Amino acid sequence: MGAGSVADFGHAPAIRAVDGLELAAVYDPTPGKAATFAKNHSSPLGTDDLAAFFAAGFDAVTIASPAGAHLQNVVDCARHRLPVLCEKPIAMDDAEAVKLVTHMASADLPLMIGFVYRFSPVASQIRDWIVEGKIGEVRSLRLIYDWGLHGRYAPNAAGIWGENPVWQGRMQEGGPMVDCGVHFIDLARWWLDSEVVRQSVAAAWVADYEAPDHVYAHLDHANGVHTMVEMSFSYGHTVREPAPQFSYDIIGTGGTIRYDRSTWRLELRDGDGVVVGPSASEKGFHEMYRAWGNALRTSDFSEIPTGEDGLRATHIARSLTNEAIARR
Ligand SMILES: NC(=O)c1ccc[n+]([C@@H]2O[C@H](COP(=O)([O-])OP(=O)(O)OC[C@H]3O[C@@H](n4cnc5c(N)ncnc54)[C@H](O)[C@@H]3O)[C@@H](O)[C@H]2O)c1
């Protein structure tokens with residue numbers, strides 16, 4: 001449900017590539033969009049008719065609509081007794097997010113949140129190194145993603161420059177900390193297996209949107225570790241040659257782990273030297289669908305990001321963003 005950008009570059013190619021999964025049908029309310037999408041991704045049905053979509057017959061639904069539509073999509077799926085993989089952020093506010101999660105739980109239906117970063121071989125390797133104590137006790141995480149969201153200005157189909165619709169649309173979901181920051185908040189909770197117990201925020205408005213577009217979150221975990229998340233949608237948003245930054249630093253008593261997306265290099269440095277980890281993108285759509293398919297087949301959902309994970313990350317990101325707006 002939702003035949004937009006992330007469905008096109010992430011979900012549909014992964015569903016088609018993973019053994020045992022098929023893209024059975026596509027729904028999008030924008031007239032003609034699902035039909036074109038279905039044709040491009042070799043699916044037998046693409047429709048803007050909700051009843052025709054659910055009549056197609058399938059075992060699970062991916063929700064890749066904008067955050068404001070997730071709850072209604074989930075309610076429709078639950079009515080048809082279908083498990084759901086829902087994109088993040090799960091909803092536009094806490095009340096809606098809780099409704100979404102409790103709706104699936106009370107219907108006793110599986111709900112997976114699309115925290116796709118967890119499934120990258122890079123993130124799995126980092127978790128293994130942390131759990132094995134390879135850098136001693138972890139004391140600090142520094143997770144940075146500064147980019148310009150494809151640029152604030154872009155030419156349209158006629159070559160006329162104007163404000164990039166992608167920029168406007170993405171800022172409406174709550175800005176960078178809510179939109180992308182939830183991935184980092186989820187990674188920190190998952191890597192450390194420790195809940196966030198205190199949080200604070202600092203923010204800047206580089207472009208003039210309601211939500212801050214460059215945000216720093218400071219999170220203290222129950223186990224004493226500190227996480228800093230820096231997220232920007234306005235880093236180089238008007239420059240000709242943007243140079244985005246994406247990195248993970250994990251700082252321990254006995255070493256450091258660093259991942260730099262510009263080179264896909266993951267390395268662990270300790271008293272013995274340098275160990276190089278898998279070279280991969282920060283996202284793992286294929287791995288995520290392998291895990292989701294296995295979970296659905298075996299009914300073992302222990303390796304799957306839960307509704308509660310979605311609630312926690314969305315709550316932290318939204319409350320920090322709201323606090324920054326109130327203080328502006
Ligand atoms: N995990 C990731 O890597 C990642 C990347 C980008 C976006 N996202 C998330 O995925 C979601 C979609 O983002 P996008 O960039 O693809 O947006 P998009 O605007 O490109 O696509 C959204 C699609 O949903 C459709 N839609 C609108 N209302 C709908 C409804 N009620 N039911 C079904 N479809 C509906 C729209 O017509 C559009 O085609 C957002 O929540 C976004 O935050 C995740």
# chains A, B, ... in the order shown; residues from 1 in each chain; ligands from 1

$ residues_near_ligand --ligand "ligand 1" --cutoff "9 Å" --atoms "only C-alpha atoms and all ligand atoms" --output "ChimeraX atom specification"
/A:1-10,27-31,33-34,48,50,63-73,86-91,114-117,166,169-170,173,178-180,183,283,285

$ select_by_dssp --residues "stretch 173-327 of chain A" --states "alpha helix (DSSP H)" --output "number ranges by chain"
A: 176-179, 181-192, 285-298, 307-327

$ residues_around --residues "stretch 217-232 of chain A" --least-positions-apart "4" --cutoff "6 Å" --atoms "only C-alpha atoms" --output "list in words"
Arg139, Ser140, Leu141, Arg142, Leu143, Ile144, Tyr145, Asp146, Trp147, Pro176, Met177, Ser194, Glu195, Val196, Val197, Arg198, Gln199, Ser200, Val201 and Asp213 of chain A

$ residues_around --residues "stretch 150-156 of chain A" --least-positions-apart "4" --cutoff "10 Å" --atoms "only C-alpha atoms" --output "PDB file with N, CA and C atoms, in the first residue's frame"
ATOM      1  N   ILE A 160      12.039  23.993 -15.375  1.00  0.00           N
ATOM      2  CA  ILE A 160      11.924  25.246 -14.611  1.00  0.00           C
ATOM      3  C   ILE A 160      12.235  24.965 -13.143  1.00  0.00           C
ATOM      4  N   TRP A 161      13.157  25.785 -12.596  1.00  0.00           N
ATOM      5  CA  TRP A 161      13.575  25.563 -11.208  1.00  0.00           C
ATOM      6  C   TRP A 161      12.535  26.077 -10.221  1.00  0.00           C
ATOM      7  N   GLY A 162      12.328  25.338  -9.155  1.00  0.00           N
ATOM      8  CA  GLY A 162      11.411  25.757  -8.091  1.00  0.00           C
ATOM      9  C   GLY A 162      11.713  24.932  -6.864  1.00  0.00           C
ATOM     10  N   GLU A 163      10.866  25.090  -5.829  1.00  0.00           N
ATOM     11  CA  GLU A 163      11.104  24.328  -4.605  1.00  0.00           C
ATOM     12  C   GLU A 163      10.846  22.837  -4.872  1.00  0.00           C
ATOM     13  N   ASN A 164      11.766  22.026  -4.426  1.00  0.00           N
ATOM     14  CA  ASN A 164      11.691  20.579  -4.664  1.00  0.00           C
ATOM     15  C   ASN A 164      10.527  19.978  -3.861  1.00  0.00           C
ATOM     16  N   PRO A 165       9.532  19.361  -4.526  1.00  0.00           N
ATOM     17  CA  PRO A 165       8.386  18.817  -3.785  1.00  0.00           C
ATOM     18  C   PRO A 165       8.797  17.754  -2.768  1.00  0.00           C
ATOM     19  N   VAL A 166       9.889  17.044  -3.020  1.00  0.00           N
ATOM     20  CA  VAL A 166      10.368  16.028  -2.068  1.00  0.00           C
ATOM     21  C   VAL A 166      10.716  16.707  -0.743  1.00  0.00           C
ATOM     22  N   TRP A 167      11.368  17.866  -0.842  1.00  0.00           N
ATOM     23  CA  TRP A 167      11.782  18.621   0.343  1.00  0.00           C
ATOM     24  C   TRP A 167      10.567  18.991   1.185  1.00  0.00           C
ATOM     25  N   GLN A 168       9.549  19.567   0.513  1.00  0.00           N
ATOM     26  CA  GLN A 168       8.354  20.013   1.249  1.00  0.00           C
ATOM     27  C   GLN A 168       7.649  18.829   1.890  1.00  0.00           C
ATOM     28  N   ALA A 207      16.706  26.305   6.938  1.00  0.00           N
ATOM     29  CA  ALA A 207      15.625  26.785   6.086  1.00  0.00           C
ATOM     30  C   ALA A 207      14.439  27.030   7.025  1.00  0.00           C
ATOM     31  N   PHE A 233      18.412  17.748   7.324  1.00  0.00           N
ATOM     32  CA  PHE A 233      17.862  17.733   5.963  1.00  0.00           C
ATOM     33  C   PHE A 233      18.339  18.955   5.181  1.00  0.00           C
ATOM     34  N   SER A 234      19.141  19.824   5.840  1.00  0.00           N
ATOM     35  CA  SER A 234      19.481  21.093   5.187  1.00  0.00           C
ATOM     36  C   SER A 234      20.991  21.279   5.043  1.00  0.00           C
ATOM     37  N   TYR A 235      21.735  20.169   5.172  1.00  0.00           N
ATOM     38  CA  TYR A 235      23.190  20.261   5.059  1.00  0.00           C
ATOM     39  C   TYR A 235      23.539  20.320   3.574  1.00  0.00           C
ATOM     40  N   GLY A 236      23.900  21.508   3.120  1.00  0.00           N
ATOM     41  CA  GLY A 236      24.198  21.680   1.694  1.00  0.00           C
ATOM     42  C   GLY A 236      22.951  21.654   0.822  1.00  0.00           C
ATOM     43  N   HIS A 237      21.807  22.090   1.374  1.00  0.00           N
ATOM     44  CA  HIS A 237      20.558  21.955   0.607  1.00  0.00           C
ATOM     45  C   HIS A 237      20.469  22.909  -0.575  1.00  0.00           C
ATOM     46  N   THR A 238      21.344  23.920  -0.603  1.00  0.00           N
ATOM     47  CA  THR A 238      21.305  24.827  -1.762  1.00  0.00           C
ATOM     48  C   THR A 238      22.624  24.816  -2.544  1.00  0.00           C
ATOM     49  N   VAL A 239      23.520  23.887  -2.219  1.00  0.00           N
ATOM     50  CA  VAL A 239      24.837  23.935  -2.885  1.00  0.00           C
ATOM     51  C   VAL A 239      24.841  23.104  -4.168  1.00  0.00           C
ATOM     52  N   ARG A 240      25.769  23.444  -5.033  1.00  0.00           N
ATOM     53  CA  ARG A 240      25.836  22.739  -6.323  1.00  0.00           C
ATOM     54  C   ARG A 240      26.392  21.326  -6.178  1.00  0.00           C
ATOM     55  N   PRO A 242      26.806  18.911  -3.246  1.00  0.00           N
ATOM     56  CA  PRO A 242      26.652  18.548  -1.829  1.00  0.00           C
ATOM     57  C   PRO A 242      27.596  17.423  -1.415  1.00  0.00           C
TER      58      PRO A 242
END

$ closest_residue --among "A:Gly284, A:Thr47, A:Phe301, A:Gly174" --to "A:Asp93" --atoms "only C-alpha atoms"
A:Gly174

$ closest_residue --among "A:Ile250, A:Ala56, A:Ile257, A:Ile185" --to "A:His315" --atoms "only C-alpha atoms"
A:Ile185

$ select_by_dssp --residues "stretch 15-167 of chain A" --states "strand (DSSP E or B)" --output "list of chain:residue names"
A:Val26, A:Tyr27, A:Gly46, A:Thr47, A:Val61, A:Thr62, A:Ile63, A:Val84, A:Leu85, A:Cys86, A:Leu111, A:Met112, A:Ile113, A:Val138, A:Arg139, A:Ser140, A:Leu141, A:Arg142, A:Leu143, A:Ile144, A:Tyr145, A:Asp146, A:Tyr153, A:Ala154, A:Pro155, A:Trp161, A:Gly162, A:Glu163

$ atom_distance --atom1 "atom CA of A:Ile304" --atom2 "atom CA of A:Met112"
6.2 Å

$ closest_residue --among "A:Ala107, A:Leu268, A:Ala211, A:Ala313" --to "A:Arg328" --atoms "only C-alpha atoms"
A:Ala211

$ residues_around --residues "A:Leu109" --least-positions-apart "6" --cutoff "8 Å" --atoms "only C-alpha atoms" --output "PyMOL selection string"
chain A and resi 78+81-84

$ write_last_selection --atoms "C-alpha atoms" --output "tab-separated table (two decimals), in the first residue's frame"
chain	number	residue	atom	x	y	z
A	78	ALA	CA	-6.55	-5.84	10.25
A	81	ARG	CA	-6.72	-10.41	9.03
A	82	LEU	CA	-3.40	-9.54	7.37
A	83	PRO	CA	0.05	-9.18	9.02
A	84	VAL	CA	1.67	-5.80	8.34

$ residues_around --residues "A:Ser262" --least-positions-apart "4" --cutoff "10 Å" --atoms "only C-alpha atoms" --output "list in words"
Ala243, Pro244, Gln245, Phe246, Ser247 and Ser281 of chain A

$ write_last_selection --atoms "all heavy atoms" --output "PDB file, in the first residue's frame"
ATOM      1  N   ALA A 243      28.011  17.452  -0.155  1.00  0.00           N
ATOM      2  CA  ALA A 243      28.896  16.411   0.375  1.00  0.00           C
ATOM      3  C   ALA A 243      28.279  15.867   1.664  1.00  0.00           C
ATOM      4  O   ALA A 243      28.674  16.250   2.766  1.00  0.00           O
ATOM      5  CB  ALA A 243      30.284  16.994   0.645  1.00  0.00           C
ATOM      6  N   PRO A 244      27.267  14.991   1.537  1.00  0.00           N
ATOM      7  CA  PRO A 244      26.591  14.492   2.735  1.00  0.00           C
ATOM      8  C   PRO A 244      27.537  13.692   3.623  1.00  0.00           C
ATOM      9  O   PRO A 244      28.552  13.176   3.159  1.00  0.00           O
ATOM     10  CB  PRO A 244      25.491  13.591   2.172  1.00  0.00           C
ATOM     11  CG  PRO A 244      25.863  13.307   0.762  1.00  0.00           C
ATOM     12  CD  PRO A 244      26.747  14.418   0.292  1.00  0.00           C
ATOM     13  N   GLN A 245      27.174  13.623   4.912  1.00  0.00           N
ATOM     14  CA  GLN A 245      27.980  12.833   5.849  1.00  0.00           C
ATOM     15  C   GLN A 245      27.081  11.812   6.514  1.00  0.00           C
ATOM     16  O   GLN A 245      25.991  12.148   6.954  1.00  0.00           O
ATOM     17  CB  GLN A 245      28.545  13.738   6.945  1.00  0.00           C
ATOM     18  CG  GLN A 245      29.490  14.782   6.430  1.00  0.00           C
ATOM     19  CD  GLN A 245      30.000  15.661   7.562  1.00  0.00           C
ATOM     20  OE1 GLN A 245      30.106  15.231   8.697  1.00  0.00           O
ATOM     21  NE2 GLN A 245      30.313  16.893   7.241  1.00  0.00           N
ATOM     22  N   PHE A 246      27.570  10.592   6.565  1.00  0.00           N
ATOM     23  CA  PHE A 246      26.820   9.532   7.255  1.00  0.00           C
ATOM     24  C   PHE A 246      27.847   8.667   7.957  1.00  0.00           C
ATOM     25  O   PHE A 246      28.690   8.045   7.310  1.00  0.00           O
ATOM     26  CB  PHE A 246      26.032   8.687   6.235  1.00  0.00           C
ATOM     27  CG  PHE A 246      25.146   7.646   6.866  1.00  0.00           C
ATOM     28  CD1 PHE A 246      23.764   7.732   6.754  1.00  0.00           C
ATOM     29  CD2 PHE A 246      25.676   6.574   7.580  1.00  0.00           C
ATOM     30  CE1 PHE A 246      22.931   6.781   7.340  1.00  0.00           C
ATOM     31  CE2 PHE A 246      24.859   5.623   8.174  1.00  0.00           C
ATOM     32  CZ  PHE A 246      23.474   5.725   8.040  1.00  0.00           C
ATOM     33  N   SER A 247      27.778   8.631   9.279  1.00  0.00           N
ATOM     34  CA  SER A 247      28.756   7.800   9.989  1.00  0.00           C
ATOM     35  C   SER A 247      28.200   7.296  11.317  1.00  0.00           C
ATOM     36  O   SER A 247      27.326   7.920  11.914  1.00  0.00           O
ATOM     37  CB  SER A 247      30.045   8.588  10.230  1.00  0.00           C
ATOM     38  OG  SER A 247      29.758   9.759  10.937  1.00  0.00           O
ATOM     39  N   SER A 281      25.808  -1.139   2.234  1.00  0.00           N
ATOM     40  CA  SER A 281      24.987   0.055   2.425  1.00  0.00           C
ATOM     41  C   SER A 281      24.433   0.058   3.846  1.00  0.00           C
ATOM     42  O   SER A 281      24.403  -0.974   4.521  1.00  0.00           O
ATOM     43  CB  SER A 281      23.849   0.025   1.410  1.00  0.00           C
ATOM     44  OG  SER A 281      22.725   0.717   1.892  1.00  0.00           O
TER      45      SER A 281
END

$ atom_distance --atom1 "atom CA of A:Arg265" --atom2 "atom CA of A:Ser124"
14.2 Å

$ residues_around --residues "A:Ala123" --least-positions-apart "3" --cutoff "9 Å" --atoms "only C-alpha atoms" --output "NGL selection string"
:A and (117-120 or 126-128 or 187 or 191 or 282-283)

$ write_last_selection --atoms "N, CA and C atoms" --output "short mmCIF file (atom, residue, chain, number, x, y, z; two decimals), in the first residue's frame"
data_model
loop_
_atom_site.label_atom_id
_atom_site.label_comp_id
_atom_site.auth_asym_id
_atom_site.auth_seq_id
_atom_site.Cartn_x
_atom_site.Cartn_y
_atom_site.Cartn_z
N TYR A 117 17.53 -0.24 8.70
CA TYR A 117 18.97 -0.11 8.99
C TYR A 117 19.47 -1.29 9.82
N ARG A 118 18.59 -1.80 10.71
CA ARG A 118 18.98 -2.94 11.55
C ARG A 118 19.45 -4.13 10.73
N PHE A 119 18.91 -4.25 9.51
CA PHE A 119 19.13 -5.47 8.73
C PHE A 119 20.34 -5.38 7.81
N SER A 120 20.99 -4.22 7.75
CA SER A 120 22.23 -4.12 6.98
C SER A 120 23.28 -5.00 7.63
N ILE A 126 28.08 -4.76 13.80
CA ILE A 126 28.32 -3.87 14.95
C ILE A 126 27.69 -4.48 16.20
N ARG A 127 26.45 -4.99 16.05
CA ARG A 127 25.78 -5.57 17.22
C ARG A 127 26.59 -6.77 17.75
N ASP A 128 27.04 -7.63 16.82
CA ASP A 128 27.81 -8.80 17.26
C ASP A 128 29.08 -8.36 18.00
N LEU A 187 18.45 1.94 16.27
CA LEU A 187 19.74 1.23 16.27
C LEU A 187 20.39 1.28 17.64
N TRP A 191 21.28 -2.00 19.49
CA TRP A 191 22.69 -2.36 19.69
C TRP A 191 22.99 -2.52 21.18
N GLU A 282 23.95 1.22 4.29
CA GLU A 282 23.37 1.31 5.64
C GLU A 282 21.99 0.70 5.72
N LYS A 283 21.37 0.42 4.56
CA LYS A 283 20.02 -0.17 4.55
C LYS A 283 20.09 -1.62 4.10
#
